[in-house]
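Trainee: Here you go, one structure.
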Amino acid sequence: MREFRFRLILIIAAIVLSIYLLYPTYVDYQNSSEIKQALELKKDQILRDNPELNKSQVDRILRIMEDSILTSSPDIVKNREKRVKLGLDLQGGMRIVLEVNTGKLMQKLAKNPDEAFNEVLAEAEKEANETDESVVDIIGRKFSERGIRLSRYYGTIRQEDDEIIGELKEDAEDAVTRAMEIIRNRVDQYGVSEPSIQRQGSRRIIVELPGVAREEEAKQLLQGTALLEFRIVRDPEFTFNVMQKIDEILAGKIIDSTMTDTTGLGNETADTSLTSEDTLNQEEELTEEEFREQHPFFSIALLDPQGRSADAYVKADERNKLDMMLNRPEVQKVIPNNVEFIYSAKSFTGNEGEEFYLMYMVNKEPELTGGVITDAVATINPTSSAPIVNMTMNSEGATEWARITGANVDKRIAIMLDGVIFSAPVVRGKIPGGRSQIEGMADLNEAKLLEIVLKAGALPAPVDIIEERTVGPSLGEDSINQGLLSVILGYALVAVFMIFYYRKAGTIAAAALTFTILFILGVLAGFNATLTLPGIAGIILTIGMAVDANVLIFERIREEISTGKTIKASIDSGYSRALSAIVDSNITTFFTGIILYQFGTGPIQGFALTLMIGIGASLFSALIIARVIFDIMVAKNLPATVG
Amino acid sequence: MRIFENLNFDFLGKRKFAYAISGVLFMIGVISVVTRGFHFGIDFKGGSEIVLQFEKPVEISNVRSYVDNIGLGYVEVKTFGGETGVMIRTDQQVIPTAVYPQVVDAIEREIENVMPGVPRQIIDSTASSVTYAFQNPDTTNILVDALFSAGFQSGKISEEPDNTQMIVSVGISDWIKENLREKISDNSFTVLKEDIVGPKIGDELKQDAVLAIFFALIAILIYLGFRFKFIFAFGAVAALFHDVLITLGLFSVLYGLIPGLNLDIDITIVAAFLTLIGYSINDTVIVFDRIRENLKIHKTRPLFDLMNTSISQTMSRTVLTGGTTLITVLVLLIFGGEVLRGFAFTLFFGIIIGTYSSIFAASTLVYEYATKYKKKVEF
């Protein structure tokens, strides 16, 4: 056995690795069906208890429940991340390709567009559809043909055409970044699991939303304009007061009757903040569990122990739990109706590697909305060399801004885009003239993000949907079932045929084929690749073609045996003679796989991938696994016959 | 068990017969392509395609008559899967101007339904959307929600709190769904699949597809040129052209003839063609490899005999591998579902033709070349 040791170890390692890589997929499958069952039960129960709820409300509750199940045991999430991913065509979902409409952008950017301008723009848009030239270039060319200087519509009067064209191109480029940020921000909030937002080429954005059933809603999400708001952040005393009331309600300390006088909140009293410090002091002696029980709210919404601010730190996986708490009617009653809790848009990583979001309490009514912003630029402050964002407003906005900042000195104003807070800078003083400087960003990237956010509320990023593919979940499920059936049936037929035709050697080939399928799936899981319906077709096709190497070898061995050689010699020369044909034919097929992968999108790439992995796996099975089995049989003097 | 044991068939002797078969198949294909043309799916043509699953079985002719009268011109209606599935397709990109008033009417009706006589004004209408202005933000919000739940794609023009404008987008597929919902009110449907491809994307995909097949052929030519003598590489690639062209012809001939089989040329079909190229070259290489080996062993044997022997020796392998692959493709064709049917069909015929061509096109071409130029073929 010694001579086979290396190969045996290699084979066992490959098998163990594949099983190891596939194990999470198996566990996740089981978890998913359990969760699905649990949710079905819950759904029935909810509908029985609250028949007045409509479908989207029920869906929302179920989504929160699903999330809380997921977050309650990190294992489920961990397995889910490592499972074989299913493509949109199998799990349902939508893929949308958006293109920034440069023509529309040019129109919005133009100062006093007139008849001539509109004419040129219409021509340019038409031409851009037929050629690869960009709209900006065409506009530039057309105006210079007509002898009109671009500065009539864009930039300043002294600027040369080339310079303006450069700037316009930058604007077009910016619009894509802006659109992407707006979309990412919304998709994050919409709660789509594993969304993918990618940029393609200079003007396109590809958005993939797995499992999104309400396509109309999702489409809205991607189009419309973004809402930028400036809202006042409430001061720590006030916020803490409300939080404490919530905590007490949740812990069951306050019974309903006493609650009535807390509803009239809005004025913070010194008394309550005193008691709050008392309770905080006592808490130091409590164990974690006791704390959790007595302060359900504060155990999730963590506060700065020194009490400098009342911005709560919320772990990313506990957000849903907190939302459920805050949505309870009795809790809603103690939150004054002119304020609300709002999360930060981006999470940050804590000392122990957990993701945290900040939760602020802000006024419901915005002080100002983003339409007044004319420009925002991220830059480095020359004196302090810290990153800053310079924001300018139009005259109408500037007047309002001066009033707002003047009345709220030393308070914070939250910059909110589509319902989440990107920054909450402190007002240092009254800002007249509409030019503000925002500082406090960690680096220039953060400043750039804020620039994009500020512009998003003001400048348009018009996008068109140029391709859209939606697969309903039921079609996806059918496809999975039909695919699985075909794989099993295809395998069974080929295996039976091989065993019937080659007897013992055929059995070896059939066994090797099992490992081929195992390896394909293992590699897919290991590389985090996506399995699509054409991908399943690729596996089925591989089953048919994988036996090719075995057939070539077996036929060769038969020929060698008929020349009178011994079994061992026949096997040796059969393998070595078949090798060149096997290699040449598989390499050419592999080429077409690579090209297919390059050319295709989504599902087709999945096919190319399984085809290529299939070639590798079947070669390994035929040349190494089947060979070792043969060699061992010969070494042990077992009859290794080929048919 | 074994088939073709000690087979020694005169393959090359029958080559004239094979040329005739290939020639006839090719001509039928060409005639069909010229007269009937190809049918491209929306991947390449651009357009909209929706697949609906009705609750109860639905008469396909009814659906057809409903969508025929909504002014979109020719709309293709087919069954999809069982008798509750319907596929509707049009290559129109936007609602035709003639239909536009009807669309506006439908929106108006819905608005009247919710808020009779509400003051409103259409301030903009493009090919795919209508923009309304109302008097105050609350009215706007109520109407946006009401129209949205009625199945229209309505939205606010801006998220600013004082926004009074509503935009209603009406794509082709929205319009079809809207009409069917109204006309077949006793049988509700869900959307199984919806594809919308803009004209630009279609052109790009077409270009990509042609390039992909072209590059695949070039890559194979180069690789085989290295591994074998150039004439063999040329013969192999010529055989691939033979396979692709005949299968393409078959697509044109059979289009619409087999009920339940959708033979539109789309991306998946291109993938099938590339796979077919991969399979067919595989087959050819195996035969060539044997010829190469035999040429080394039997240096003096006439090429005619030698090639016949080589083909005969590889015959059992050719049939066996072809057989197992055909089995799996057949399984896919029957059980793989509607989405993969065209793909499986292409491979099914492609594999048969590819197997045939590795013997009767690739090998014979090499032989013709060798005899014509009286060259000694070597590797």
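In the structure tokens, each chain is lettered A, B, ... as it comes, each chain's residues begin at 1, and ligands are numbered from 1 in order of appearance.
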Quick one: residues within 10 Å of Val75 (chain B), only C-alpha atoms counted, chain neighbours fewer than 6 positions away excluded, as a PyMOL selection string?
Mentor: chain B and resi 49+64-65+67-69+88-92+176
Trainee: For Glu400 (chain A), work out the shell of residues within 10 Å, counting only C-alpha atoms and skipping chain neighbours fewer than 5 positions away, then give it as a VMD selection string.
Mentor: chain A and resid 367 to 368 372 393 395 405 to 406 431 to 432 434
Trainee: Rank nothing, just name the residue among A:Ala492, A:Ile9, A:Ala442, A:Leu475 nearest to Lys193 (chain B), using only C-alpha atoms.
Mentor: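 Looking at the shortest contact to Lys193 (chain B), the residue is A:Leu475.
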Trainee: Tell me, counting only C-alpha atoms, for each residue of chain A within 6 Å of chain B, which pair of atoms is nearest and how far apart they are in Å to one decimal, in rows ordered by chain and increasing number, as a tab-separated table.
Mentor:
```
residue	atom	partner	partner_atom	distance
A:Thr225	CA	B:Ser158	CA	5.4
A:Leu227	CA	B:Glu159	CA	5.0
A:Ile466	CA	B:Gly198	CA	4.9
A:Glu467	CA	B:Val197	CA	4.5
A:Glu468	CA	B:Ile196	CA	4.9
A:Arg469	CA	B:Asp195	CA	4.3
A:Thr470	CA	B:Glu194	CA	4.8
A:Val471	CA	B:Lys193	CA	4.4
A:Gly472	CA	B:Leu192	CA	4.5
A:Leu475	CA	B:Leu192	CA	5.7
A:Gln482	CA	B:Gly336	CA	5.2
A:Gly483	CA	B:Gly336	CA	5.7
A:Ser486	CA	B:Leu332	CA	5.8
A:Gly490	CA	B:Thr328	CA	4.8
A:Val494	CA	B:Thr324	CA	5.8
A:Tyr501	CA	B:Met1	CA	5.5
A:Gly544	CA	B:Thr325	CA	3.9
A:Met545	CA	B:Thr325	CA	5.5
A:Asp548	CA	B:Thr321	CA	5.3
A:Ala581	CA	B:Ile286	CA	5.4
A:Ser585	CA	B:Asn282	CA	4.4
A:Thr589	CA	B:Gly278	CA	4.3
A:Thr592	CA	B:Ala216	CA	5.5
A:Gly643	CA	B:Met1	CA	5.8
```
Trainee: Could you save those same residues with C-alpha atoms as a PDB file, in the first residue's frame?
Mentor:
```
ATOM      1  CA  THR A 225     -34.688  61.620  -6.151  1.00  0.00           C
ATOM      2  CA  LEU A 227     -34.279  63.541   0.226  1.00  0.00           C
ATOM      3  CA  ILE A 466     -31.982  49.956 -19.468  1.00  0.00           C
ATOM      4  CA  GLU A 467     -32.280  46.325 -18.539  1.00  0.00           C
ATOM      5  CA  GLU A 468     -34.389  44.569 -16.013  1.00  0.00           C
ATOM      6  CA  ARG A 469     -34.755  40.901 -15.257  1.00  0.00           C
ATOM      7  CA  THR A 470     -37.062  39.621 -12.604  1.00  0.00           C
ATOM      8  CA  VAL A 471     -37.548  36.038 -11.571  1.00  0.00           C
ATOM      9  CA  GLY A 472     -40.397  35.235  -9.252  1.00  0.00           C
ATOM     10  CA  LEU A 475     -40.236  29.926 -10.836  1.00  0.00           C
ATOM     11  CA  GLN A 482     -36.333  20.364 -12.050  1.00  0.00           C
ATOM     12  CA  GLY A 483     -32.561  20.879 -11.998  1.00  0.00           C
ATOM     13  CA  SER A 486     -32.305  16.138 -13.897  1.00  0.00           C
ATOM     14  CA  GLY A 490     -28.817  11.962 -15.487  1.00  0.00           C
ATOM     15  CA  VAL A 494     -25.059   7.265 -16.941  1.00  0.00           C
ATOM     16  CA  TYR A 501     -21.091  -1.829 -20.282  1.00  0.00           C
ATOM     17  CA  GLY A 544     -22.408  13.068 -19.443  1.00  0.00           C
ATOM     18  CA  MET A 545     -19.000  14.249 -20.578  1.00  0.00           C
ATOM     19  CA  ASP A 548     -15.245  10.500 -21.510  1.00  0.00           C
ATOM     20  CA  ALA A 581      -6.018  12.749 -26.169  1.00  0.00           C
ATOM     21  CA  SER A 585      -9.570  17.564 -25.850  1.00  0.00           C
ATOM     22  CA  THR A 589     -13.187  22.662 -24.071  1.00  0.00           C
ATOM     23  CA  THR A 592     -14.475  27.766 -24.701  1.00  0.00           C
ATOM     24  CA  GLY A 643     -16.039  -5.381 -19.168  1.00  0.00           C
TER      25      GLY A 643
END
```
Trainee: What separation in Å, quoted to one decimal, exists between CA of Leu513 (chain A) and CA of Asn550 (chain A)?
Mentor: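 Distance between the two atoms: 9.8 Å.
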Trainee: Please extract the residues of region 111-205 of chain B with a backbone DSSP assignment of helix (DSSP H, G or I) and present them as a PyMOL selection string.
Mentor: chain B and resi 111-114+137-149+172-183+199-205
Trainee: Write out as a ChimeraX atom specification each polymer residue whose atoms come within 7 Å of Met359 (chain A), counting only C-alpha atoms; drop sequence neighbours fewer than 2 positions from it.
Mentor: /A:311-314,341-344,357,361
Trainee: Pick from B:Leu303, B:Ile123, B:Ala361, B:Met115: nearest to Thr140 (chain B), with only C-alpha atoms counted?
Mentor: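 Smallest distance to Thr140 (chain B) is found for B:Met115.
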Trainee: What does the structure give for the distance between CA of Arg577 (chain A) and CA of Ser363 (chain B), in Å to one decimal?
Mentor: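 According to the coordinates, CA of Arg577 (chain A) and CA of Ser363 (chain B) are separated by 20.8 Å.
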Trainee: Could you name the residues that touch region 176-185 of chain A at 6 Å or less, counting only C-alpha atoms, but leaving out those on the same chain fewer than 2 positions away, as a PyMOL selection string?
Mentor: chain A and resi 173-174+187-188+222+452+461
